[in-house]
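Shown next: coords_15.cif, containing mmCIF, C-alpha atoms; chains and numbers go by the auth columns.
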data_query
loop_
_atom_site.group_PDB
_atom_site.id
_atom_site.type_symbol
_atom_site.label_atom_id
_atom_site.label_comp_id
_atom_site.label_asym_id
_atom_site.label_seq_id
_atom_site.Cartn_x
_atom_site.Cartn_y
_atom_site.Cartn_z
_atom_site.B_iso_or_equiv
_atom_site.auth_seq_id
_atom_site.auth_asym_id
ATOM 1 C CA MET A 1 35.415 5.818 71.042 0.00 197 Y
ATOM 2 C CA HIS A 2 33.657 6.967 67.886 0.00 198 Y
ATOM 3 C CA LYS A 3 35.408 9.396 65.573 0.00 199 Y
ATOM 4 C CA ILE A 4 33.032 12.347 65.403 0.00 200 Y
ATOM 5 C CA ASP A 5 32.588 13.688 61.874 0.00 201 Y
ATOM 6 C CA ILE A 6 29.484 15.748 61.181 0.00 202 Y
ATOM 7 C CA PRO A 7 29.522 16.927 57.527 0.00 203 Y
ATOM 8 C CA ARG A 8 30.241 20.621 57.035 0.00 204 Y
ATOM 9 C CA GLU A 9 27.012 21.201 55.113 0.00 205 Y
ATOM 10 C CA ILE A 10 25.038 19.790 58.065 0.00 206 Y
ATOM 11 C CA LEU A 11 26.827 22.111 60.495 0.00 207 Y
ATOM 12 C CA GLU A 12 26.220 25.081 58.204 0.00 208 Y
ATOM 13 C CA ARG A 13 22.519 24.261 57.945 0.00 209 Y
ATOM 14 C CA SER A 14 22.312 23.969 61.729 0.00 210 Y
ATOM 15 C CA ARG A 15 24.011 27.348 62.200 0.00 211 Y
ATOM 16 C CA ALA A 16 21.665 28.952 59.696 0.00 212 Y
ATOM 17 C CA LEU A 17 18.727 27.718 61.735 0.00 213 Y
ATOM 18 C CA ARG A 18 20.047 28.152 65.268 0.00 214 Y
ATOM 19 C CA GLY A 19 22.696 30.848 65.018 0.00 215 Y
ATOM 20 C CA GLU A 20 26.455 30.816 65.409 0.00 216 Y
ATOM 21 C CA ALA A 21 26.661 29.869 69.100 0.00 217 Y
ATOM 22 C CA PRO A 22 28.595 26.599 69.503 0.00 218 Y
ATOM 23 C CA VAL A 23 25.822 25.034 71.600 0.00 219 Y
ATOM 24 C CA MET A 24 22.139 25.763 72.191 0.00 220 Y
ATOM 25 C CA MET A 25 22.317 25.302 75.958 0.00 221 Y
ATOM 26 C CA PRO A 26 25.517 26.712 77.458 0.00 222 Y
ATOM 27 C CA GLU A 27 23.780 26.583 80.840 0.00 223 Y
ATOM 28 C CA ILE A 28 21.818 23.636 82.209 0.00 224 Y
ATOM 29 C CA ASP A 29 19.719 24.074 85.352 0.00 225 Y
ATOM 30 C CA PRO A 30 20.541 20.926 87.356 0.00 226 Y
ATOM 31 C CA ALA A 31 17.313 21.000 89.359 0.00 227 Y
ATOM 32 C CA ARG A 32 15.261 20.720 86.162 0.00 228 Y
ATOM 33 C CA THR A 33 17.523 18.279 84.329 0.00 229 Y
ATOM 34 C CA ALA A 34 17.689 14.486 84.089 0.00 230 Y
ATOM 35 C CA HIS A 35 20.634 12.517 82.785 0.00 231 Y
ATOM 36 C CA VAL A 36 18.974 9.616 80.973 0.00 232 Y
ATOM 37 C CA VAL A 37 21.387 6.707 80.542 0.00 233 Y
ATOM 38 C CA ILE A 38 19.947 4.448 77.876 0.00 234 Y
ATOM 39 C CA ASP A 39 20.258 0.651 78.103 0.00 235 Y
ATOM 40 C CA LEU A 40 23.853 0.220 79.292 0.00 236 Y
ATOM 41 C CA GLN A 41 23.058 -3.358 80.229 0.00 237 Y
ATOM 42 C CA ASP A 42 25.147 -6.492 80.077 0.00 238 Y
ATOM 43 C CA GLY A 43 23.244 -7.595 76.960 0.00 239 Y
ATOM 44 C CA PHE A 44 24.811 -4.678 75.073 0.00 240 Y
ATOM 45 C CA MET A 45 28.064 -4.256 77.006 0.00 241 Y
ATOM 46 C CA ALA A 46 29.557 -7.663 77.764 0.00 242 Y
ATOM 47 C CA GLU A 47 31.951 -9.397 75.395 0.00 243 Y
ATOM 48 C CA GLY A 48 29.977 -11.952 73.395 0.00 244 Y
ATOM 49 C CA ALA A 49 26.626 -10.493 74.484 0.00 245 Y
ATOM 50 C CA PRO A 50 23.637 -10.961 72.135 0.00 246 Y
ATOM 51 C CA VAL A 51 23.737 -7.306 71.053 0.00 247 Y
ATOM 52 C CA GLU A 52 27.335 -6.471 71.937 0.00 248 Y
ATOM 53 C CA VAL A 53 28.321 -2.878 71.140 0.00 249 Y
ATOM 54 C CA PRO A 54 32.077 -2.779 71.858 0.00 250 Y
ATOM 55 C CA VAL A 55 32.328 1.018 71.638 0.00 251 Y
ATOM 56 C CA ALA A 56 29.734 1.289 74.415 0.00 252 Y
ATOM 57 C CA ARG A 57 32.341 0.102 76.909 0.00 253 Y
ATOM 58 C CA ASP A 58 34.511 3.081 75.924 0.00 254 Y
ATOM 59 C CA ILE A 59 31.861 5.688 76.827 0.00 255 Y
ATOM 60 C CA VAL A 60 31.244 4.551 80.420 0.00 256 Y
ATOM 61 C CA GLY A 61 33.832 6.966 81.827 0.00 257 Y
ATOM 62 C CA ASN A 62 32.126 9.948 80.182 0.00 258 Y
ATOM 63 C CA VAL A 63 28.674 8.731 81.210 0.00 259 Y
ATOM 64 C CA ASN A 64 29.818 8.485 84.827 0.00 260 Y
ATOM 65 C CA ARG A 65 31.461 11.925 84.731 0.00 261 Y
ATOM 66 C CA ILE A 66 28.160 13.484 83.670 0.00 262 Y
ATOM 67 C CA THR A 67 26.225 11.463 86.235 0.00 263 Y
ATOM 68 C CA ARG A 68 28.469 12.524 89.107 0.00 264 Y
ATOM 69 C CA ALA A 69 28.452 16.183 88.120 0.00 265 Y
ATOM 70 C CA LEU A 70 24.698 16.393 87.698 0.00 266 Y
ATOM 71 C CA ARG A 71 23.957 14.380 90.837 0.00 267 Y
ATOM 72 C CA ALA A 72 26.292 16.576 92.899 0.00 268 Y
ATOM 73 C CA ALA A 73 24.506 19.658 91.551 0.00 269 Y
ATOM 74 C CA GLY A 74 21.079 18.326 92.548 0.00 270 Y
ATOM 75 C CA GLY A 75 19.970 16.833 89.243 0.00 271 Y
ATOM 76 C CA THR A 76 18.160 13.587 88.480 0.00 272 Y
ATOM 77 C CA ILE A 77 19.757 10.419 87.148 0.00 273 Y
ATOM 78 C CA VAL A 78 17.698 7.873 85.184 0.00 274 Y
ATOM 79 C CA TYR A 79 18.821 4.462 83.975 0.00 275 Y
ATOM 80 C CA THR A 80 16.664 2.666 81.424 0.00 276 Y
ATOM 81 C CA ARG A 81 16.718 -1.073 80.792 0.00 277 Y
ATOM 82 C CA PHE A 82 15.495 -2.536 77.543 0.00 278 Y
ATOM 83 C CA THR A 83 13.045 -5.284 78.455 0.00 279 Y
ATOM 84 C CA SER A 84 11.639 -7.911 76.096 0.00 280 Y
ATOM 85 C CA ASP A 85 7.872 -8.050 75.615 0.00 281 Y
ATOM 86 C CA PRO A 86 7.025 -10.292 72.662 0.00 282 Y
ATOM 87 C CA GLU A 87 3.361 -10.545 73.658 0.00 283 Y
ATOM 88 C CA SER A 88 2.600 -6.858 73.173 0.00 284 Y
ATOM 89 C CA TRP A 89 5.232 -6.081 70.517 0.00 285 Y
ATOM 90 C CA SER A 90 4.710 -8.977 68.172 0.00 286 Y
ATOM 91 C CA ALA A 91 5.790 -7.036 65.082 0.00 287 Y
ATOM 92 C CA TRP A 92 9.361 -6.687 66.329 0.00 288 Y
ATOM 93 C CA TYR A 93 9.650 -10.322 67.325 0.00 289 Y
ATOM 94 C CA THR A 94 7.647 -12.141 64.635 0.00 290 Y
ATOM 95 C CA ARG A 95 7.409 -10.088 61.424 0.00 291 Y
ATOM 96 C CA GLY A 96 10.880 -10.761 60.055 0.00 292 Y
ATOM 97 C CA TYR A 97 12.936 -8.035 61.711 0.00 293 Y
ATOM 98 C CA MET A 98 14.869 -10.948 63.219 0.00 294 Y
ATOM 99 C CA THR A 99 15.073 -14.621 62.416 0.00 295 Y
ATOM 100 C CA PRO A 100 13.039 -16.807 64.803 0.00 296 Y
ATOM 101 C CA GLU A 101 16.261 -18.013 66.422 0.00 297 Y
ATOM 102 C CA ARG A 102 17.563 -14.484 66.882 0.00 298 Y
ATOM 103 C CA ALA A 103 14.211 -13.297 68.226 0.00 299 Y
ATOM 104 C CA GLU A 104 14.199 -16.032 70.852 0.00 300 Y
ATOM 105 C CA GLU A 105 17.766 -15.201 71.887 0.00 301 Y
ATOM 106 C CA HIS A 106 16.814 -11.538 72.150 0.00 302 Y
ATOM 107 C CA ARG A 107 13.683 -12.322 74.168 0.00 303 Y
ATOM 108 C CA GLU A 108 15.572 -14.491 76.635 0.00 304 Y
ATOM 109 C CA ALA A 109 18.493 -12.093 77.010 0.00 305 Y
ATOM 110 C CA PHE A 110 16.372 -9.082 77.919 0.00 306 Y
ATOM 111 C CA ALA A 111 13.709 -10.784 80.026 0.00 307 Y
ATOM 112 C CA PRO A 112 13.368 -9.288 83.529 0.00 308 Y
ATOM 113 C CA GLY A 113 15.803 -11.001 85.862 0.00 309 Y
ATOM 114 C CA ALA A 114 17.949 -12.498 83.096 0.00 310 Y
ATOM 115 C CA PRO A 115 21.705 -11.954 83.553 0.00 311 Y
ATOM 116 C CA TYR A 116 21.986 -9.856 80.387 0.00 312 Y
ATOM 117 C CA HIS A 117 19.114 -7.615 81.517 0.00 313 Y
ATOM 118 C CA LYS A 118 21.016 -6.064 84.421 0.00 314 Y
ATOM 119 C CA LEU A 119 22.841 -2.737 84.304 0.00 315 Y
ATOM 120 C CA TRP A 120 26.573 -2.788 83.594 0.00 316 Y
ATOM 121 C CA ASP A 121 28.502 -2.998 86.865 0.00 317 Y
ATOM 122 C CA ALA A 122 30.875 -0.122 86.025 0.00 318 Y
ATOM 123 C CA LEU A 123 28.040 2.426 85.981 0.00 319 Y
ATOM 124 C CA ASP A 124 27.852 4.861 88.878 0.00 320 Y
ATOM 125 C CA VAL A 125 24.388 3.906 90.119 0.00 321 Y
ATOM 126 C CA ALA A 126 23.462 5.393 93.494 0.00 322 Y
ATOM 127 C CA GLU A 127 20.552 5.256 95.884 0.00 323 Y
ATOM 128 C CA GLY A 128 17.872 7.657 94.735 0.00 324 Y
ATOM 129 C CA ASP A 129 18.587 7.229 91.033 0.00 325 Y
ATOM 130 C CA ILE A 130 15.591 6.205 88.930 0.00 326 Y
ATOM 131 C CA ILE A 131 15.702 2.831 87.157 0.00 327 Y
ATOM 132 C CA VAL A 132 12.960 2.190 84.619 0.00 328 Y
ATOM 133 C CA ASP A 133 12.239 -0.721 82.317 0.00 329 Y
ATOM 134 C CA LYS A 134 11.044 0.014 78.789 0.00 330 Y
ATOM 135 C CA THR A 135 9.657 -2.419 76.269 0.00 331 Y
ATOM 136 C CA ARG A 136 10.126 -0.257 73.183 0.00 332 Y
ATOM 137 C CA PHE A 137 13.093 1.606 71.737 0.00 333 Y
ATOM 138 C CA SER A 138 11.873 4.978 73.043 0.00 334 Y
ATOM 139 C CA ALA A 139 11.452 5.525 76.768 0.00 335 Y
ATOM 140 C CA PHE A 140 8.498 7.775 75.897 0.00 336 Y
ATOM 141 C CA THR A 141 6.292 5.249 74.103 0.00 337 Y
ATOM 142 C CA PRO A 142 2.977 5.483 76.001 0.00 338 Y
ATOM 143 C CA GLY A 143 2.107 2.447 78.070 0.00 339 Y
ATOM 144 C CA THR A 144 5.573 0.889 77.832 0.00 340 Y
ATOM 145 C CA CYS A 145 7.573 2.956 80.349 0.00 341 Y
ATOM 146 C CA ASP A 146 6.648 5.434 83.091 0.00 342 Y
ATOM 147 C CA MET A 147 9.744 7.647 82.776 0.00 343 Y
ATOM 148 C CA HIS A 148 7.812 10.646 81.457 0.00 344 Y
ATOM 149 C CA GLU A 149 5.432 10.613 84.429 0.00 345 Y
ATOM 150 C CA GLN A 150 8.292 10.323 86.909 0.00 346 Y
ATOM 151 C CA LEU A 151 10.206 13.181 85.305 0.00 347 Y
ATOM 152 C CA ARG A 152 7.212 15.497 85.142 0.00 348 Y
ATOM 153 C CA ALA A 153 6.484 14.809 88.817 0.00 349 Y
ATOM 154 C CA ARG A 154 9.987 16.080 89.579 0.00 350 Y
ATOM 155 C CA GLY A 155 9.648 19.204 87.432 0.00 351 Y
ATOM 156 C CA ILE A 156 12.179 18.044 84.847 0.00 352 Y
ATOM 157 C CA ASP A 157 12.180 19.883 81.519 0.00 353 Y
ATOM 158 C CA THR A 158 15.657 19.097 80.139 0.00 354 Y
ATOM 159 C CA LEU A 159 17.252 15.757 79.220 0.00 355 Y
ATOM 160 C CA ILE A 160 20.876 14.763 78.749 0.00 356 Y
ATOM 161 C CA ILE A 161 20.908 11.590 76.638 0.00 357 Y
ATOM 162 C CA THR A 162 23.734 9.053 76.780 0.00 358 Y
ATOM 163 C CA GLY A 163 23.948 5.303 76.217 0.00 359 Y
ATOM 164 C CA THR A 164 23.461 2.751 73.455 0.00 360 Y
ATOM 165 C CA LEU A 165 22.573 2.276 70.667 0.00 361 Y
ATOM 166 C CA SER A 166 22.996 5.792 69.334 0.00 362 Y
ATOM 167 C CA ASN A 167 20.850 5.064 66.288 0.00 363 Y
ATOM 168 C CA CYS A 168 18.164 3.042 68.045 0.00 364 Y
ATOM 169 C CA CYS A 169 16.999 3.571 71.615 0.00 365 Y
ATOM 170 C CA CYS A 170 19.054 6.733 72.215 0.00 366 Y
ATOM 171 C CA GLU A 171 17.880 8.396 69.023 0.00 367 Y
ATOM 172 C CA SER A 172 14.283 7.242 69.518 0.00 368 Y
ATOM 173 C CA THR A 173 14.171 8.638 73.061 0.00 369 Y
ATOM 174 C CA ALA A 174 15.759 11.928 72.011 0.00 370 Y
ATOM 175 C CA ARG A 175 13.351 12.381 69.087 0.00 371 Y
ATOM 176 C CA ASP A 176 10.369 11.741 71.327 0.00 372 Y
ATOM 177 C CA GLY A 177 11.827 13.915 74.082 0.00 373 Y
ATOM 178 C CA ILE A 178 11.393 17.100 72.079 0.00 374 Y
ATOM 179 C CA GLN A 179 7.897 15.951 71.063 0.00 375 Y
ATOM 180 C CA PHE A 180 7.080 15.696 74.780 0.00 376 Y
ATOM 181 C CA ASP A 181 8.381 19.267 75.256 0.00 377 Y
ATOM 182 C CA TYR A 182 11.777 18.585 76.812 0.00 378 Y
ATOM 183 C CA GLY A 183 14.966 20.359 75.848 0.00 379 Y
ATOM 184 C CA VAL A 184 17.351 17.614 74.746 0.00 380 Y
ATOM 185 C CA VAL A 185 21.149 17.426 74.868 0.00 381 Y
ATOM 186 C CA PHE A 186 22.598 14.479 72.931 0.00 382 Y
ATOM 187 C CA VAL A 187 26.166 13.788 74.051 0.00 383 Y
ATOM 188 C CA ALA A 188 28.421 13.075 71.075 0.00 384 Y
ATOM 189 C CA ASP A 189 31.119 11.188 72.988 0.00 385 Y
ATOM 190 C CA ALA A 190 28.830 9.414 75.471 0.00 386 Y
ATOM 191 C CA ASN A 191 26.558 7.578 73.035 0.00 387 Y
ATOM 192 C CA ALA A 192 27.660 4.531 71.082 0.00 388 Y
ATOM 193 C CA THR A 193 26.612 2.187 68.306 0.00 389 Y
ATOM 194 C CA HIS A 194 28.253 -0.332 65.997 0.00 390 Y
ATOM 195 C CA THR A 195 29.984 1.992 63.517 0.00 391 Y
ATOM 196 C CA ASP A 196 31.186 5.571 63.199 0.00 392 Y
ATOM 197 C CA ALA A 197 28.984 6.008 60.126 0.00 393 Y
ATOM 198 C CA GLU A 198 25.795 5.150 62.004 0.00 394 Y
ATOM 199 C CA HIS A 199 26.801 7.300 64.973 0.00 395 Y
ATOM 200 C CA ASN A 200 27.591 10.343 62.856 0.00 396 Y
ATOM 201 C CA ALA A 201 24.336 9.973 60.934 0.00 397 Y
ATOM 202 C CA VAL A 202 22.491 10.259 64.249 0.00 398 Y
ATOM 203 C CA LEU A 203 24.505 13.300 65.311 0.00 399 Y
ATOM 204 C CA SER A 204 23.665 14.936 61.974 0.00 400 Y
ATOM 205 C CA ASN A 205 19.948 14.364 62.558 0.00 401 Y
ATOM 206 C CA MET A 206 20.156 15.558 66.144 0.00 402 Y
ATOM 207 C CA ILE A 207 22.006 18.796 65.431 0.00 403 Y
ATOM 208 C CA THR A 208 19.665 19.873 62.634 0.00 404 Y
ATOM 209 C CA LEU A 209 16.306 18.862 64.096 0.00 405 Y
ATOM 210 C CA PHE A 210 15.998 17.258 67.497 0.00 406 Y
ATOM 211 C CA ALA A 211 18.685 18.127 70.055 0.00 407 Y
ATOM 212 C CA ASP A 212 21.639 20.164 71.133 0.00 408 Y
ATOM 213 C CA VAL A 213 24.773 18.114 70.367 0.00 409 Y
ATOM 214 C CA GLN A 214 27.498 18.619 72.951 0.00 410 Y
ATOM 215 C CA ASP A 215 30.559 16.663 74.010 0.00 411 Y
ATOM 216 C CA THR A 216 31.147 15.643 77.619 0.00 412 Y
ATOM 217 C CA GLY A 217 33.332 18.653 78.384 0.00 413 Y
ATOM 218 C CA GLN A 218 30.664 21.045 77.129 0.00 414 Y
ATOM 219 C CA VAL A 219 27.967 19.270 79.147 0.00 415 Y
ATOM 220 C CA LEU A 220 30.030 19.473 82.330 0.00 416 Y
ATOM 221 C CA ALA A 221 30.648 23.178 81.732 0.00 417 Y
ATOM 222 C CA ALA A 222 26.914 23.756 81.128 0.00 418 Y
ATOM 223 C CA ILE A 223 26.012 21.972 84.367 0.00 419 Y
ATOM 224 C CA GLU A 224 28.571 24.023 86.277 0.00 420 Y
ATOM 225 C CA ALA A 225 27.299 27.266 84.733 0.00 421 Y
ATOM 226 C CA GLY A 226 23.707 26.397 85.575 0.00 422 Y
ATOM 227 C CA ALA A 227 24.625 25.479 89.136 0.00 423 Y
ATOM 228 C CA ARG A 228 26.466 28.794 89.598 0.00 424 Y
ATOM 229 C CA ARG A 229 23.472 30.755 88.323 0.00 425 Y
ATOM 230 C CA ALA A 230 21.110 28.848 90.609 0.00 426 Y
ATOM 231 C CA SER A 231 23.388 29.420 93.598 0.00 427 Y
ATOM 232 C CA ALA A 232 23.659 33.157 92.874 0.00 428 Y
ATOM 233 C CA ALA A 233 19.882 33.442 92.593 0.00 429 Y
#
Written as structure tokens, that's how I'd like the structure from this file.
Amino acid sequence: MHKIDIPREILERSRALRGEAPVMMPEIDPARTAHVVIDLQDGFMAEGAPVEVPVARDIVGNVNRITRALRAAGGTIVYTRFTSDPESWSAWYTRGYMTPERAEEHREAFAPGAPYHKLWDALDVAEGDIIVDKTRFSAFTPGTCDMHEQLRARGIDTLIITGTLSNCCCESTARDGIQFDYGVVFVADANATHTDAEHNAVLSNMITLFADVQDTGQVLAAIEAGARRASAA
């Protein structure tokens, strides 16, 4: 698990902007919330995988705890799968971001139906959950994923973001989420990347600009509080 360490000056700047409350969203309305689990696929999770993120295996328990709580409260669960598309995203595959050999390995690993493309078996995936393929880092890039349309059809206005990589697809989806008018919760101990430094840099960006940063315990409490309020109403 990553060691969370957001610099004090970042926290102070966030408090100056948002106030002293420990979190922005102490209550989360389950009926209007989606837990978006980003790219926890074998290609990122398995030992020796092309883009192995070892810490990502450590967060699965927290991801599943959030999934079960939100699902039980009537919320929506979404799993995204990164999917290779070198024809329409030539810049990523051919402009030097990867060597030709690495690009081909990446393309083959995340092709639809490839073994590394599938979701990690330890995830709590249930009937009725949404599974979407995306061909860009962000699940909101127009024309590359229909998650936004599916969420709007369900009346969703709040996202809980977990998954991997913190500083790539998770961050990209969270940044775009607020641009598409969703409230965003970025879960500090249920996102993962290669190093603590990269992870904490993302948390620093999230807490000052793009999202509410909560840990799993805070998210579970917010779901419970929102469910109680909805039940009382």
Counting all atoms listed in the file, which residues in stretch 382-408 of chain Y sit no more than 9 Å from stretch 358-368 of chain Y? For each one, give the nearest pair of atoms and the distance in Å, sorted by chain then residue number, as a Markdown table.
| residue | atom | partner | partner_atom | distance |
| --- | --- | --- | --- | --- |
| Y:Phe382 | CA | Y:Thr358 | CA | 6.7 |
| Y:Val383 | CA | Y:Thr358 | CA | 6.0 |
| Y:Ala384 | CA | Y:Thr358 | CA | 8.4 |
| Y:Asp385 | CA | Y:Thr358 | CA | 8.6 |
| Y:Ala386 | CA | Y:Thr358 | CA | 5.3 |
| Y:Asn387 | CA | Y:Gly359 | CA | 4.7 |
| Y:Ala388 | CA | Y:Ser362 | CA | 5.1 |
| Y:Thr389 | CA | Y:Leu361 | CA | 4.7 |
| Y:His390 | CA | Y:Leu361 | CA | 7.8 |
| Y:Glu394 | CA | Y:Asn363 | CA | 6.5 |
| Y:His395 | CA | Y:Ser362 | CA | 6.0 |
| Y:Ala397 | CA | Y:Asn363 | CA | 8.1 |
| Y:Val398 | CA | Y:Asn363 | CA | 5.8 |
| Y:Leu399 | CA | Y:Ser362 | CA | 8.7 |
| Y:Met402 | CA | Y:Glu367 | CA | 8.0 |
- [ ] With a distance cut-off of 9 Å and all atoms listed in the file, select the neighbouring residues of Y:Pro203, excluding the residue or stretch itself and same-chain residues fewer than 5 positions from it, and output the selection as a list in words.
- [x]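 Within the cut-off, the hits are Glu208, Asn396 and Ser400 of chain Y.
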TODO: Give the answer as one residue: which of Y:Val381, Y:Ala245, Y:Ala230, Y:Cys341 has the shortest atom-to-atom distance to Y:Thr279, using all atoms listed in the file?
DONE: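 Smallest separation from Y:Thr279 among the options: Y:Cys341.
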Open item on the list: Going by the chain IDs and residue numbers used in this file, which residues fall under the PyMOL selection byres ((chain Y and resi 259) around 12)? Write them as an MDAnalysis selection string.
Closed with: chainID Y and resid 231:234 236 252:258 260:266 273:275 316 318:321 356:360 382:388 411:413 415:416
Task: Output check: residues returned by the PyMOL selection byres ((chain Y and resi 370-378) around 6), as a VMD selection string - done: chain Y and resid 353 to 354 367 to 369 379 406
- [ ] May I ask for the distance between atom CA of Y:His198 and atom CA of Y:Gln410, given in Å to one decimal place?
- [x]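 It comes out at 14.1 Å.
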For stretch 415-425 of chain Y, I'd like the enclosing box, axis-aligned and padded by 4 Å on every side, reported as AutoDock Vina command-line options with centre and edge lengths in Å to one decimal.
--center_x 27.1 --center_y 25.0 --center_z 84.4 --size_x 15.2 --size_y 19.5 --size_z 18.5
Task: Two-atom distance - atom CA of Y:Gly339, atom CA of Y:Trp285 (Å) - done: 11.8 Å
Open item on the list: Just the number, please: distance in Å from atom CA of Y:Arg277 to atom CA of Y:Lys330, one decimal.
Closed with: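 These atoms are spaced 6.1 Å apart.
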Task: Output check: residues returned by the PyMOL selection byres ((chain Y and resi 217-227) around 6), as JSON, numbers by chain - done: {"Y": [215, 216, 228, 229, 269, 270, 271, 408, 418, 419, 421, 422]}
Write the residues of the selection above to a file with C-alpha atoms, as an mmCIF file, keeping the file's coordinate frame.
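Now in out14.cif:
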data_model
loop_
_atom_site.group_PDB
_atom_site.id
_atom_site.type_symbol
_atom_site.label_atom_id
_atom_site.label_comp_id
_atom_site.auth_asym_id
_atom_site.auth_seq_id
_atom_site.Cartn_x
_atom_site.Cartn_y
_atom_site.Cartn_z
ATOM 1 C CA GLY Y 215 22.696 30.848 65.018
ATOM 2 C CA GLU Y 216 26.455 30.816 65.409
ATOM 3 C CA ARG Y 228 15.261 20.720 86.162
ATOM 4 C CA THR Y 229 17.523 18.279 84.329
ATOM 5 C CA ALA Y 269 24.506 19.658 91.551
ATOM 6 C CA GLY Y 270 21.079 18.326 92.548
ATOM 7 C CA GLY Y 271 19.970 16.833 89.243
ATOM 8 C CA ASP Y 408 21.639 20.164 71.133
ATOM 9 C CA ALA Y 418 26.914 23.756 81.128
ATOM 10 C CA ILE Y 419 26.012 21.972 84.367
ATOM 11 C CA ALA Y 421 27.299 27.266 84.733
ATOM 12 C CA GLY Y 422 23.707 26.397 85.575
#
Open item on the list: Quick one: residues within 8 Å of Y:Arg209, all atoms listed in the file, excluding same-chain residues fewer than 4 positions away - as an MDAnalysis selection string?
Closed with: chainID Y and resid 205 213 404
TODO: Find, counting only C-alpha atoms, the residue in Y:Ala322, Y:Ala212, Y:Ala307, Y:Val380 that gets nearest to Y:Pro282.
DONE: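 Checking each of Y:Ala322, Y:Ala212, Y:Ala307, Y:Val380 against Y:Pro282, counting only C-alpha atoms, the winner is Y:Ala307.
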Task: Protein and nucleic acid residues near (11.1, 0.8, 78.7) (cut-off 6 Å, all atoms listed in the file) as a ChimeraX atom specification - done: /Y:278,329-332,335,340-341
